[in-house]
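Source file: my_file23.cif (mmCIF, C-alpha atoms and all ligand atoms)
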```cif
data_final
loop_
_atom_site.group_PDB
_atom_site.id
_atom_site.type_symbol
_atom_site.label_atom_id
_atom_site.label_comp_id
_atom_site.auth_asym_id
_atom_site.auth_seq_id
_atom_site.Cartn_x
_atom_site.Cartn_y
_atom_site.Cartn_z
ATOM 1 C CA MET A 1 0.000 0.000 0.000
ATOM 2 C CA ASP A 2 1.240 3.460 -0.966
ATOM 3 C CA VAL A 3 1.983 5.205 2.375
ATOM 4 C CA ARG A 4 1.129 8.622 0.937
ATOM 5 C CA ILE A 5 -2.487 7.459 0.830
ATOM 6 C CA ILE A 6 -2.804 6.825 4.566
ATOM 7 C CA ASN A 7 -2.450 10.282 6.125
ATOM 8 C CA PRO A 8 -5.127 11.976 4.007
ATOM 9 C CA PHE A 9 -7.658 9.418 5.277
ATOM 10 C CA LEU A 10 -6.654 10.071 8.902
ATOM 11 C CA GLU A 11 -6.916 13.831 8.408
ATOM 12 C CA ALA A 12 -10.224 13.438 6.607
ATOM 13 C CA ALA A 13 -11.730 11.352 9.420
ATOM 14 C CA GLN A 14 -10.732 13.962 11.986
ATOM 15 C CA ASN A 15 -11.916 16.862 9.855
ATOM 16 C CA VAL A 16 -15.316 15.334 9.046
ATOM 17 C CA ILE A 17 -16.119 14.358 12.635
ATOM 18 C CA ASN A 18 -14.903 17.678 13.959
ATOM 19 C CA THR A 19 -16.837 19.733 11.380
ATOM 20 C CA MET A 20 -20.105 17.773 11.377
ATOM 21 C CA ALA A 21 -20.266 16.735 15.039
ATOM 22 C CA MET A 22 -17.912 19.178 16.778
ATOM 23 C CA ILE A 23 -16.044 16.274 18.393
ATOM 24 C CA GLU A 24 -12.268 16.224 18.755
ATOM 25 C CA THR A 25 -10.546 12.938 17.955
ATOM 26 C CA LYS A 26 -7.097 11.549 18.761
ATOM 27 C CA VAL A 27 -5.204 9.255 16.386
ATOM 28 C CA GLY A 28 -3.759 6.070 17.886
ATOM 29 C CA LYS A 29 -1.108 3.694 16.676
ATOM 30 C CA PRO A 30 -1.647 2.031 13.286
ATOM 31 C CA TYR A 31 -1.282 -1.737 12.986
ATOM 32 C CA ILE A 32 -1.812 -4.518 10.462
ATOM 33 C CA LYS A 33 -5.096 -6.332 10.962
ATOM 34 C CA LYS A 34 -5.088 -10.064 10.281
ATOM 35 C CA ASP A 35 -8.758 -11.011 10.219
ATOM 36 C CA SER A 36 -12.117 -9.628 9.137
ATOM 37 C CA SER A 37 -13.698 -9.231 12.585
ATOM 38 C CA SER A 38 -14.812 -5.705 13.329
ATOM 39 C CA LEU A 39 -13.768 -3.760 16.397
ATOM 40 C CA GLY A 40 -17.109 -2.105 17.051
ATOM 41 C CA ASP A 41 -20.861 -2.155 16.587
ATOM 42 C CA VAL A 42 -21.475 -0.452 13.264
ATOM 43 C CA SER A 43 -19.324 -0.022 10.151
ATOM 44 C CA GLY A 44 -19.430 1.758 6.851
ATOM 45 C CA ILE A 45 -17.369 0.382 3.971
ATOM 46 C CA ILE A 46 -16.734 1.945 0.580
ATOM 47 C CA GLY A 47 -15.097 0.540 -2.539
ATOM 48 C CA ILE A 48 -12.262 2.502 -4.123
ATOM 49 C CA THR A 49 -10.872 2.436 -7.664
ATOM 50 C CA GLY A 50 -8.372 4.566 -9.567
ATOM 51 C CA ASP A 51 -4.660 4.922 -8.801
ATOM 52 C CA ALA A 52 -5.226 2.380 -6.016
ATOM 53 C CA SER A 53 -8.042 -0.089 -5.634
ATOM 54 C CA GLY A 54 -9.647 -1.775 -2.665
ATOM 55 C CA SER A 55 -11.713 -0.397 0.166
ATOM 56 C CA PHE A 56 -11.910 1.931 3.133
ATOM 57 C CA SER A 57 -13.984 1.219 6.228
ATOM 58 C CA ILE A 58 -14.800 2.924 9.491
ATOM 59 C CA THR A 59 -16.120 1.093 12.561
ATOM 60 C CA PHE A 60 -17.667 2.830 15.570
ATOM 61 C CA THR A 61 -18.450 1.593 19.033
ATOM 62 C CA GLU A 62 -22.058 2.214 19.980
ATOM 63 C CA SER A 63 -21.343 4.952 22.541
ATOM 64 C CA CYS A 64 -19.045 6.764 20.113
ATOM 65 C CA ILE A 65 -21.469 6.819 17.180
ATOM 66 C CA LYS A 66 -24.440 7.758 19.342
ATOM 67 C CA ALA A 67 -22.574 10.856 20.509
ATOM 68 C CA ILE A 68 -21.490 11.746 16.970
ATOM 69 C CA VAL A 69 -24.954 11.338 15.443
ATOM 70 C CA SER A 70 -26.626 13.174 18.351
ATOM 71 C CA ASN A 71 -24.419 16.162 17.615
ATOM 72 C CA MET A 72 -24.882 15.922 13.850
ATOM 73 C CA LEU A 73 -28.669 15.865 14.053
ATOM 74 C CA GLY A 74 -29.033 18.142 17.065
ATOM 75 C CA MET A 75 -31.085 15.568 18.979
ATOM 76 C CA LYS A 76 -30.294 12.845 21.470
ATOM 77 C CA VAL A 77 -29.863 9.432 19.831
ATOM 78 C CA THR A 78 -30.413 6.586 22.315
ATOM 79 C CA GLU A 79 -30.245 3.454 20.184
ATOM 80 C CA LEU A 80 -28.364 2.121 17.223
ATOM 81 C CA ASN A 81 -31.281 2.546 14.815
ATOM 82 C CA ASP A 82 -31.715 3.220 11.091
ATOM 83 C CA ASP A 83 -30.944 6.919 11.601
ATOM 84 C CA VAL A 84 -27.554 5.970 13.001
ATOM 85 C CA LYS A 85 -26.840 3.520 10.180
ATOM 86 C CA ASP A 86 -27.780 6.159 7.629
ATOM 87 C CA ALA A 87 -25.454 8.638 9.317
ATOM 88 C CA VAL A 88 -22.600 6.107 9.274
ATOM 89 C CA GLY A 89 -23.079 5.763 5.525
ATOM 90 C CA GLU A 90 -22.913 9.496 5.004
ATOM 91 C CA LEU A 91 -19.885 9.859 7.308
ATOM 92 C CA THR A 92 -18.099 7.132 5.324
ATOM 93 C CA ASN A 93 -18.948 8.999 2.153
ATOM 94 C CA MET A 94 -17.725 12.334 3.439
ATOM 95 C CA ILE A 95 -14.462 10.978 4.840
ATOM 96 C CA CYS A 96 -13.691 9.191 1.602
ATOM 97 C CA GLY A 97 -14.524 12.319 -0.427
ATOM 98 C CA ASP A 98 -12.433 14.552 1.830
ATOM 99 C CA ALA A 99 -9.474 12.133 1.614
ATOM 100 C CA ARG A 100 -9.782 11.952 -2.175
ATOM 101 C CA ARG A 101 -9.671 15.742 -2.390
ATOM 102 C CA ARG A 102 -6.483 15.813 -0.271
ATOM 103 C CA LEU A 103 -4.948 13.033 -2.387
ATOM 104 C CA GLU A 104 -5.727 14.795 -5.643
ATOM 105 C CA GLU A 105 -3.523 17.669 -4.462
ATOM 106 C CA GLN A 106 -0.657 15.144 -4.391
ATOM 107 C CA GLY A 107 -1.546 13.860 -7.851
ATOM 108 C CA ILE A 108 -3.211 10.652 -6.658
ATOM 109 C CA LYS A 109 -6.671 10.079 -8.108
ATOM 110 C CA LEU A 110 -9.192 7.786 -6.459
ATOM 111 C CA VAL A 111 -12.857 7.184 -7.172
ATOM 112 C CA GLY A 112 -15.275 6.210 -4.403
ATOM 113 C CA ALA A 113 -18.322 3.977 -4.789
ATOM 114 C CA ILE A 114 -21.519 4.156 -2.725
ATOM 115 C CA PRO A 115 -20.991 2.971 0.885
ATOM 116 C CA THR A 116 -22.534 -0.074 2.528
ATOM 117 C CA ILE A 117 -23.417 -0.194 6.227
ATOM 118 C CA ILE A 118 -22.977 -3.274 8.423
ATOM 119 C CA ALA A 119 -24.218 -3.398 12.023
ATOM 120 C CA GLY A 120 -24.275 -5.810 14.935
ATOM 121 C CA LYS A 121 -21.864 -6.980 17.612
ATOM 122 C CA GLY A 122 -19.032 -8.995 16.079
ATOM 123 C CA HIS A 123 -19.960 -8.293 12.447
ATOM 124 C CA SER A 124 -17.233 -8.855 9.909
ATOM 125 C CA ILE A 125 -15.810 -6.530 7.286
ATOM 126 C CA THR A 126 -14.730 -7.901 3.939
ATOM 127 C CA HIS A 127 -12.216 -5.673 2.211
ATOM 128 C CA MET A 128 -11.853 -5.625 -1.550
ATOM 129 C CA ALA A 129 -8.069 -5.911 -1.821
ATOM 130 C CA LYS A 130 -5.548 -8.739 -1.758
ATOM 131 C CA GLY A 131 -2.932 -6.897 0.280
ATOM 132 C CA PRO A 132 -2.775 -6.268 4.052
ATOM 133 C CA ILE A 133 -5.367 -4.339 6.013
ATOM 134 C CA LEU A 134 -4.056 -1.289 7.834
ATOM 135 C CA ALA A 135 -6.090 -0.393 10.913
ATOM 136 C CA VAL A 136 -5.871 2.950 12.705
ATOM 137 C CA PRO A 137 -7.690 3.429 16.023
ATOM 138 C CA PHE A 138 -9.003 6.828 17.135
ATOM 139 C CA GLU A 139 -10.177 8.001 20.512
ATOM 140 C CA THR A 140 -13.065 10.330 21.241
ATOM 141 C CA PRO A 141 -14.484 11.458 24.618
ATOM 142 C CA ASN A 142 -17.290 8.919 24.054
ATOM 143 C CA GLY A 143 -15.313 5.886 22.986
ATOM 144 C CA PRO A 144 -13.177 4.673 20.119
ATOM 145 C CA PHE A 145 -13.600 4.171 16.392
ATOM 146 C CA VAL A 146 -11.267 2.488 13.908
ATOM 147 C CA ILE A 147 -10.596 3.128 10.274
ATOM 148 C CA GLU A 148 -9.255 0.420 7.985
ATOM 149 C CA LEU A 149 -7.620 0.747 4.602
ATOM 150 C CA ALA A 150 -6.932 -2.119 2.221
ATOM 151 C CA LEU A 151 -5.629 -0.830 -1.094
ATOM 152 C CA ASP A 152 -3.672 -2.540 -3.844
ATOM 153 C CA SER A 153 -1.740 -0.394 -6.278
ATOM 154 C CA GLY A 154 -4.021 0.627 -9.103
ATOM 155 C CA ASN A 155 -4.447 -1.027 -12.454
ATOM 156 C CA ASN A 156 -6.886 1.529 -13.780
ATOM 157 C CA MET B 1 -32.923 41.829 -2.977
ATOM 158 C CA ALA B 2 -34.436 40.302 0.139
ATOM 159 C CA ILE B 3 -34.543 36.557 0.528
ATOM 160 C CA ASP B 4 -38.050 35.092 0.461
ATOM 161 C CA TYR B 5 -38.148 32.812 3.493
ATOM 162 C CA ASN B 6 -41.362 31.240 2.244
ATOM 163 C CA MET B 7 -39.776 29.879 -0.909
ATOM 164 C CA LYS B 8 -40.124 26.174 -1.573
ATOM 165 C CA ILE B 9 -36.802 24.378 -1.268
ATOM 166 C CA LEU B 10 -36.208 20.910 -2.719
ATOM 167 C CA ILE B 11 -33.538 18.990 -0.771
ATOM 168 C CA VAL B 12 -32.040 16.041 -2.664
ATOM 169 C CA ASP B 13 -29.703 13.481 -1.069
ATOM 170 C CA ASP B 14 -29.686 9.687 -0.918
ATOM 171 C CA PHE B 15 -28.824 9.849 2.791
ATOM 172 C CA ALA B 16 -31.635 10.946 5.121
ATOM 173 C CA THR B 17 -29.016 12.231 7.575
ATOM 174 C CA MET B 18 -27.758 14.846 5.159
ATOM 175 C CA ARG B 19 -31.282 15.909 4.204
ATOM 176 C CA ARG B 20 -31.992 16.389 7.899
ATOM 177 C CA ILE B 21 -28.812 18.347 8.532
ATOM 178 C CA VAL B 22 -29.514 20.658 5.582
ATOM 179 C CA LYS B 23 -33.150 21.063 6.675
ATOM 180 C CA ASN B 24 -32.100 21.809 10.278
ATOM 181 C CA ILE B 25 -29.746 24.538 9.120
ATOM 182 C CA LEU B 26 -32.252 26.037 6.675
ATOM 183 C CA THR B 27 -34.928 26.025 9.381
ATOM 184 C CA GLN B 28 -32.574 27.867 11.711
ATOM 185 C CA LEU B 29 -31.996 30.420 8.961
ATOM 186 C CA GLY B 30 -35.760 31.029 8.824
ATOM 187 C CA PHE B 31 -36.891 28.910 5.857
ATOM 188 C CA LYS B 32 -40.028 26.817 6.313
ATOM 189 C CA ASN B 33 -41.124 25.152 3.070
ATOM 190 C CA PHE B 34 -39.293 21.974 2.159
ATOM 191 C CA LEU B 35 -39.644 19.062 -0.199
ATOM 192 C CA GLU B 36 -37.317 16.075 -0.029
ATOM 193 C CA ALA B 37 -36.099 13.502 -2.539
ATOM 194 C CA ASP B 38 -33.700 10.600 -1.992
ATOM 195 C CA ASP B 39 -32.542 10.498 -5.609
ATOM 196 C CA GLY B 40 -32.222 12.772 -8.639
ATOM 197 C CA SER B 41 -34.926 10.750 -10.380
ATOM 198 C CA VAL B 42 -37.383 11.381 -7.528
ATOM 199 C CA ALA B 43 -36.454 15.078 -7.543
ATOM 200 C CA TRP B 44 -37.108 15.211 -11.281
ATOM 201 C CA GLU B 45 -40.611 13.748 -10.778
ATOM 202 C CA ILE B 46 -41.360 16.324 -8.072
ATOM 203 C CA LEU B 47 -40.186 19.128 -10.376
ATOM 204 C CA GLN B 48 -42.727 18.009 -12.992
ATOM 205 C CA LYS B 49 -45.591 18.379 -10.511
ATOM 206 C CA GLU B 50 -44.696 21.109 -8.041
ATOM 207 C CA PRO B 51 -43.336 24.633 -8.285
ATOM 208 C CA VAL B 52 -39.888 24.742 -6.646
ATOM 209 C CA ASP B 53 -37.904 27.927 -5.963
ATOM 210 C CA PHE B 54 -34.542 26.517 -4.944
ATOM 211 C CA ILE B 55 -32.797 23.132 -5.290
ATOM 212 C CA VAL B 56 -30.131 21.933 -2.833
ATOM 213 C CA SER B 57 -28.705 18.677 -4.178
ATOM 214 C CA ASP B 58 -26.104 16.046 -3.440
ATOM 215 C CA TRP B 59 -23.916 14.820 -6.307
ATOM 216 C CA ASN B 60 -23.450 11.098 -5.745
ATOM 217 C CA MET B 61 -26.749 9.208 -5.742
ATOM 218 C CA PRO B 62 -27.574 5.704 -6.999
ATOM 219 C CA LYS B 63 -30.027 6.278 -9.873
ATOM 220 C CA MET B 64 -29.791 9.836 -11.105
ATOM 221 C CA THR B 65 -26.823 11.867 -9.872
ATOM 222 C CA GLY B 66 -26.945 15.525 -8.909
ATOM 223 C CA ILE B 67 -24.995 16.565 -11.988
ATOM 224 C CA GLU B 68 -27.476 14.728 -14.225
ATOM 225 C CA LEU B 69 -30.336 16.433 -12.406
ATOM 226 C CA LEU B 70 -28.644 19.831 -12.819
ATOM 227 C CA LYS B 71 -28.185 19.273 -16.564
ATOM 228 C CA LYS B 72 -31.820 18.224 -16.990
ATOM 229 C CA VAL B 73 -33.034 21.239 -15.037
ATOM 230 C CA ARG B 74 -30.900 23.663 -17.042
ATOM 231 C CA ALA B 75 -32.095 22.116 -20.317
ATOM 232 C CA ASP B 76 -35.771 22.500 -19.399
ATOM 233 C CA ASP B 77 -37.500 25.708 -20.472
ATOM 234 C CA LYS B 78 -39.720 25.890 -17.415
ATOM 235 C CA LEU B 79 -37.116 24.929 -14.827
ATOM 236 C CA LYS B 80 -33.869 26.338 -16.185
ATOM 237 C CA ASP B 81 -33.731 29.447 -13.950
ATOM 238 C CA ILE B 82 -34.155 27.685 -10.592
ATOM 239 C CA PRO B 83 -31.139 28.384 -8.347
ATOM 240 C CA PHE B 84 -29.250 25.116 -7.827
ATOM 241 C CA LEU B 85 -26.813 24.574 -4.948
ATOM 242 C CA MET B 86 -24.674 21.449 -5.084
ATOM 243 C CA VAL B 87 -23.723 20.064 -1.660
ATOM 244 C CA THR B 88 -21.280 17.270 -2.203
ATOM 245 C CA ALA B 89 -18.335 15.195 -1.150
ATOM 246 C CA GLU B 90 -17.267 15.157 -4.811
ATOM 247 C CA ALA B 91 -14.791 17.973 -4.697
ATOM 248 C CA GLN B 92 -12.132 16.994 -7.161
ATOM 249 C CA LYS B 93 -11.248 19.614 -9.746
ATOM 250 C CA ASP B 94 -13.001 17.857 -12.620
ATOM 251 C CA ASN B 95 -16.241 17.746 -10.637
ATOM 252 C CA ILE B 96 -16.193 21.453 -9.938
ATOM 253 C CA ILE B 97 -15.410 22.287 -13.563
ATOM 254 C CA GLU B 98 -18.235 20.035 -14.757
ATOM 255 C CA ALA B 99 -20.724 21.600 -12.335
ATOM 256 C CA VAL B 100 -19.718 25.155 -13.286
ATOM 257 C CA LYS B 101 -20.064 24.273 -16.985
ATOM 258 C CA ALA B 102 -23.519 22.906 -16.246
ATOM 259 C CA LYS B 103 -24.339 26.303 -14.654
ATOM 260 C CA VAL B 104 -24.526 25.341 -11.006
ATOM 261 C CA SER B 105 -25.441 28.406 -8.899
ATOM 262 C CA ASN B 106 -22.968 27.522 -6.167
ATOM 263 C CA TYR B 107 -21.083 24.609 -4.678
ATOM 264 C CA ILE B 108 -20.512 23.385 -1.097
ATOM 265 C CA VAL B 109 -18.006 20.725 -0.169
ATOM 266 C CA LYS B 110 -18.910 18.224 2.579
ATOM 267 C CA PRO B 111 -18.147 18.389 5.433
ATOM 268 C CA PHE B 112 -19.451 21.941 5.922
ATOM 269 C CA THR B 113 -20.535 24.191 8.785
ATOM 270 C CA PRO B 114 -23.917 25.959 9.035
ATOM 271 C CA GLU B 115 -22.091 29.268 8.428
ATOM 272 C CA VAL B 116 -20.859 28.087 5.018
ATOM 273 C CA LEU B 117 -24.337 27.031 3.906
ATOM 274 C CA SER B 118 -25.753 30.354 5.066
ATOM 275 C CA GLU B 119 -23.091 32.341 3.192
ATOM 276 C CA LYS B 120 -23.631 30.455 -0.071
ATOM 277 C CA ILE B 121 -27.382 31.020 0.100
ATOM 278 C CA LYS B 122 -26.854 34.741 0.658
ATOM 279 C CA LYS B 123 -24.549 34.796 -2.355
ATOM 280 C CA ILE B 124 -27.018 32.965 -4.588
ATOM 281 C CA PHE B 125 -29.897 35.274 -3.640
ATOM 282 C CA GLY B 126 -27.739 38.379 -3.831
ATOM 283 C CA GLU B 127 -27.953 39.539 -0.245
HETATM 284 MG MG MG C 1 -24.842 10.754 -1.766
#
```
What does the file become when written as structure tokens?
Ligand SMILES: [Mg+2]
Amino acid sequence: MDVRIINPFLEAAQNVINTMAMIETKVGKPYIKKDSSSLGDVSGIIGITGDASGSFSITFTESCIKAIVSNMLGMKVTELNDDVKDAVGELTNMICGDARRRLEEQGIKLVGAIPTIIAGKGHSITHMAKGPILAVPFETPNGPFVIELALDSGNN
Amino acid sequence: MAIDYNMKILIVDDFATMRRIVKNILTQLGFKNFLEADDGSVAWEILQKEPVDFIVSDWNMPKMTGIELLKKVRADDKLKDIPFLMVTAEAQKDNIIEAVKAKVSNYIVKPFTPEVLSEKIKKIFGE
């Protein structure tokens, strides 16, 4: 995986959550993830093509996403319902779009598909690349979320 | 020119969350008449039946995209003058050029703050 691709996704995740939900996030230590089990309760995943191809996902713990969506919608969200899943889809979309804009400035062009949302304790995430999965945990005042990137060099 | 806060605004996005965020902000700004569509194709059907004064649309949607909707609106004699604000995560240079060529009224990149939406609306309606 091209390392130049990673940082824009981290910056995009922080920017989107800070702008839309006014929540500050802290980046943790990246690591290589060996299996498809998710590290939270709800995930958004989006296919990527272009100069690299594969997928990007973001997984939230329930407490974390409830706080984010409550702030985004200006109303208290108490359960992991369809509103929350919808919001996860749109957050996935926005983070991917924001990252792609940052990458274009470095001459790397990616195209994002339409995100899919997966929910439930212990759900799995199937990435669309052959190479390793890079996971990056983030902390928020209301619990963690993790982003994952699995991108093979492009053949577009 | 004063903004007409009674104007009918069509909000188009495949994600209900974004429609709600846009509606929340517009309500706070004083607007009260909204129509919603979860795809460009649904928006197009509404435009055939109802008078709309302002369109706020996403770009990326499954059936008919926002740019397709914009082009159809601008090519229609009855609809071509409706102000059209694109609110989108598609912010690569080519997208912006394409939207400007298709005569978009203004363009907002997601994520955005309420202040940005408010400013763009003031610009479109010349306040
Ligand atoms: Mg969309």
Exercise for review: Just need the residues of chain B within 8 Å of chain A, counting all atoms listed in the file, so spit them out as number ranges by chain.
Suggested key: B: 15-18, 20-21, 24, 60-62, 89-92, 110-113
Exercise for review: Let me know the residues the PyMOL selection byres (((chain A and resi 49) around 10) and not hetatm) catches in the file above, as a count of residues only.
Suggested key: 19
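Atom pair atom CA of Asp14 of chain B / atom CA of Asp58 of chain B: separated by 7.7 Å.
Between ligand MG 1 (chain C) and the residues A:Gly107, A:Pro115, A:Gly28, A:Ala67, the shortest atom-to-atom distance, using only C-alpha atoms and all ligand atoms, involves A:Pro115.
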Is it possible to get the residues within 12 Å of (-8.0, 0.8, 13.1) (coordinates as in the file, counting all atoms listed in the file) written as a PDB file with C-alpha atoms, in the frame of the given file?
```pdb
ATOM      1  CA  ILE A   6      -2.804   6.825   4.566  1.00  0.00           C
ATOM      2  CA  PHE A   9      -7.658   9.418   5.277  1.00  0.00           C
ATOM      3  CA  LEU A  10      -6.654  10.071   8.902  1.00  0.00           C
ATOM      4  CA  ALA A  13     -11.730  11.352   9.420  1.00  0.00           C
ATOM      5  CA  VAL A  27      -5.204   9.255  16.386  1.00  0.00           C
ATOM      6  CA  GLY A  28      -3.759   6.070  17.886  1.00  0.00           C
ATOM      7  CA  LYS A  29      -1.108   3.694  16.676  1.00  0.00           C
ATOM      8  CA  PRO A  30      -1.647   2.031  13.286  1.00  0.00           C
ATOM      9  CA  TYR A  31      -1.282  -1.737  12.986  1.00  0.00           C
ATOM     10  CA  ILE A  32      -1.812  -4.518  10.462  1.00  0.00           C
ATOM     11  CA  LYS A  33      -5.096  -6.332  10.962  1.00  0.00           C
ATOM     12  CA  LYS A  34      -5.088 -10.064  10.281  1.00  0.00           C
ATOM     13  CA  SER A  36     -12.117  -9.628   9.137  1.00  0.00           C
ATOM     14  CA  SER A  37     -13.698  -9.231  12.585  1.00  0.00           C
ATOM     15  CA  SER A  38     -14.812  -5.705  13.329  1.00  0.00           C
ATOM     16  CA  LEU A  39     -13.768  -3.760  16.397  1.00  0.00           C
ATOM     17  CA  GLY A  40     -17.109  -2.105  17.051  1.00  0.00           C
ATOM     18  CA  SER A  43     -19.324  -0.022  10.151  1.00  0.00           C
ATOM     19  CA  PHE A  56     -11.910   1.931   3.133  1.00  0.00           C
ATOM     20  CA  SER A  57     -13.984   1.219   6.228  1.00  0.00           C
ATOM     21  CA  ILE A  58     -14.800   2.924   9.491  1.00  0.00           C
ATOM     22  CA  THR A  59     -16.120   1.093  12.561  1.00  0.00           C
ATOM     23  CA  PHE A  60     -17.667   2.830  15.570  1.00  0.00           C
ATOM     24  CA  ILE A 133      -5.367  -4.339   6.013  1.00  0.00           C
ATOM     25  CA  LEU A 134      -4.056  -1.289   7.834  1.00  0.00           C
ATOM     26  CA  ALA A 135      -6.090  -0.393  10.913  1.00  0.00           C
ATOM     27  CA  VAL A 136      -5.871   2.950  12.705  1.00  0.00           C
ATOM     28  CA  PRO A 137      -7.690   3.429  16.023  1.00  0.00           C
ATOM     29  CA  PHE A 138      -9.003   6.828  17.135  1.00  0.00           C
ATOM     30  CA  GLU A 139     -10.177   8.001  20.512  1.00  0.00           C
ATOM     31  CA  PRO A 144     -13.177   4.673  20.119  1.00  0.00           C
ATOM     32  CA  PHE A 145     -13.600   4.171  16.392  1.00  0.00           C
ATOM     33  CA  VAL A 146     -11.267   2.488  13.908  1.00  0.00           C
ATOM     34  CA  ILE A 147     -10.596   3.128  10.274  1.00  0.00           C
ATOM     35  CA  GLU A 148      -9.255   0.420   7.985  1.00  0.00           C
ATOM     36  CA  LEU A 149      -7.620   0.747   4.602  1.00  0.00           C
ATOM     37  CA  ALA A 150      -6.932  -2.119   2.221  1.00  0.00           C
TER      38      ALA A 150
END
```
Could you give me segment 58-71 of chain A completed to N, CA, C and O atoms, formatted as an mmCIF file, keeping the file's coordinate frame?
```
data_model
loop_
_atom_site.group_PDB
_atom_site.id
_atom_site.type_symbol
_atom_site.label_atom_id
_atom_site.label_comp_id
_atom_site.auth_asym_id
_atom_site.auth_seq_id
_atom_site.Cartn_x
_atom_site.Cartn_y
_atom_site.Cartn_z
ATOM 1 N N ILE A 58 -14.869 2.261 8.192
ATOM 2 C CA ILE A 58 -14.800 2.924 9.491
ATOM 3 C C ILE A 58 -15.785 2.214 10.409
ATOM 4 O O ILE A 58 -16.922 1.950 10.026
ATOM 5 N N THR A 59 -15.304 1.841 11.608
ATOM 6 C CA THR A 59 -16.120 1.093 12.561
ATOM 7 C C THR A 59 -16.218 1.870 13.870
ATOM 8 O O THR A 59 -15.197 2.268 14.431
ATOM 9 N N PHE A 60 -17.444 2.071 14.337
ATOM 10 C CA PHE A 60 -17.667 2.830 15.570
ATOM 11 C C PHE A 60 -18.185 1.919 16.677
ATOM 12 O O PHE A 60 -18.974 1.006 16.424
ATOM 13 N N THR A 61 -17.782 2.220 17.890
ATOM 14 C CA THR A 61 -18.450 1.593 19.033
ATOM 15 C C THR A 61 -19.783 2.318 19.207
ATOM 16 O O THR A 61 -19.947 3.464 18.757
ATOM 17 N N GLU A 62 -20.718 1.650 19.857
ATOM 18 C CA GLU A 62 -22.058 2.214 19.980
ATOM 19 C C GLU A 62 -22.061 3.581 20.682
ATOM 20 O O GLU A 62 -22.682 4.530 20.219
ATOM 21 N N SER A 63 -21.329 3.681 21.798
ATOM 22 C CA SER A 63 -21.343 4.952 22.541
ATOM 23 C C SER A 63 -20.742 6.086 21.702
ATOM 24 O O SER A 63 -21.222 7.218 21.730
ATOM 25 N N CYS A 64 -19.716 5.762 20.944
ATOM 26 C CA CYS A 64 -19.045 6.764 20.113
ATOM 27 C C CYS A 64 -19.981 7.281 19.023
ATOM 28 O O CYS A 64 -20.154 8.492 18.854
ATOM 29 N N ILE A 65 -20.635 6.374 18.300
ATOM 30 C CA ILE A 65 -21.469 6.819 17.180
ATOM 31 C C ILE A 65 -22.741 7.505 17.673
ATOM 32 O O ILE A 65 -23.228 8.438 17.034
ATOM 33 N N LYS A 66 -23.251 7.085 18.824
ATOM 34 C CA LYS A 66 -24.440 7.758 19.342
ATOM 35 C C LYS A 66 -24.140 9.226 19.654
ATOM 36 O O LYS A 66 -24.950 10.108 19.384
ATOM 37 N N ALA A 67 -22.962 9.473 20.209
ATOM 38 C CA ALA A 67 -22.574 10.856 20.509
ATOM 39 C C ALA A 67 -22.381 11.661 19.222
ATOM 40 O O ALA A 67 -22.827 12.808 19.115
ATOM 41 N N ILE A 68 -21.739 11.043 18.234
ATOM 42 C CA ILE A 68 -21.490 11.746 16.970
ATOM 43 C C ILE A 68 -22.817 12.089 16.286
ATOM 44 O O ILE A 68 -23.050 13.236 15.885
ATOM 45 N N VAL A 69 -23.698 11.106 16.167
ATOM 46 C CA VAL A 69 -24.954 11.338 15.443
ATOM 47 C C VAL A 69 -25.857 12.311 16.222
ATOM 48 O O VAL A 69 -26.532 13.148 15.626
ATOM 49 N N SER A 70 -25.840 12.220 17.551
ATOM 50 C CA SER A 70 -26.626 13.174 18.351
ATOM 51 C C SER A 70 -26.208 14.604 18.029
ATOM 52 O O SER A 70 -27.045 15.487 17.844
ATOM 53 N N ASN A 71 -24.903 14.819 17.941
ATOM 54 C CA ASN A 71 -24.419 16.162 17.615
ATOM 55 C C ASN A 71 -24.734 16.560 16.180
ATOM 56 O O ASN A 71 -25.085 17.707 15.912
#
```
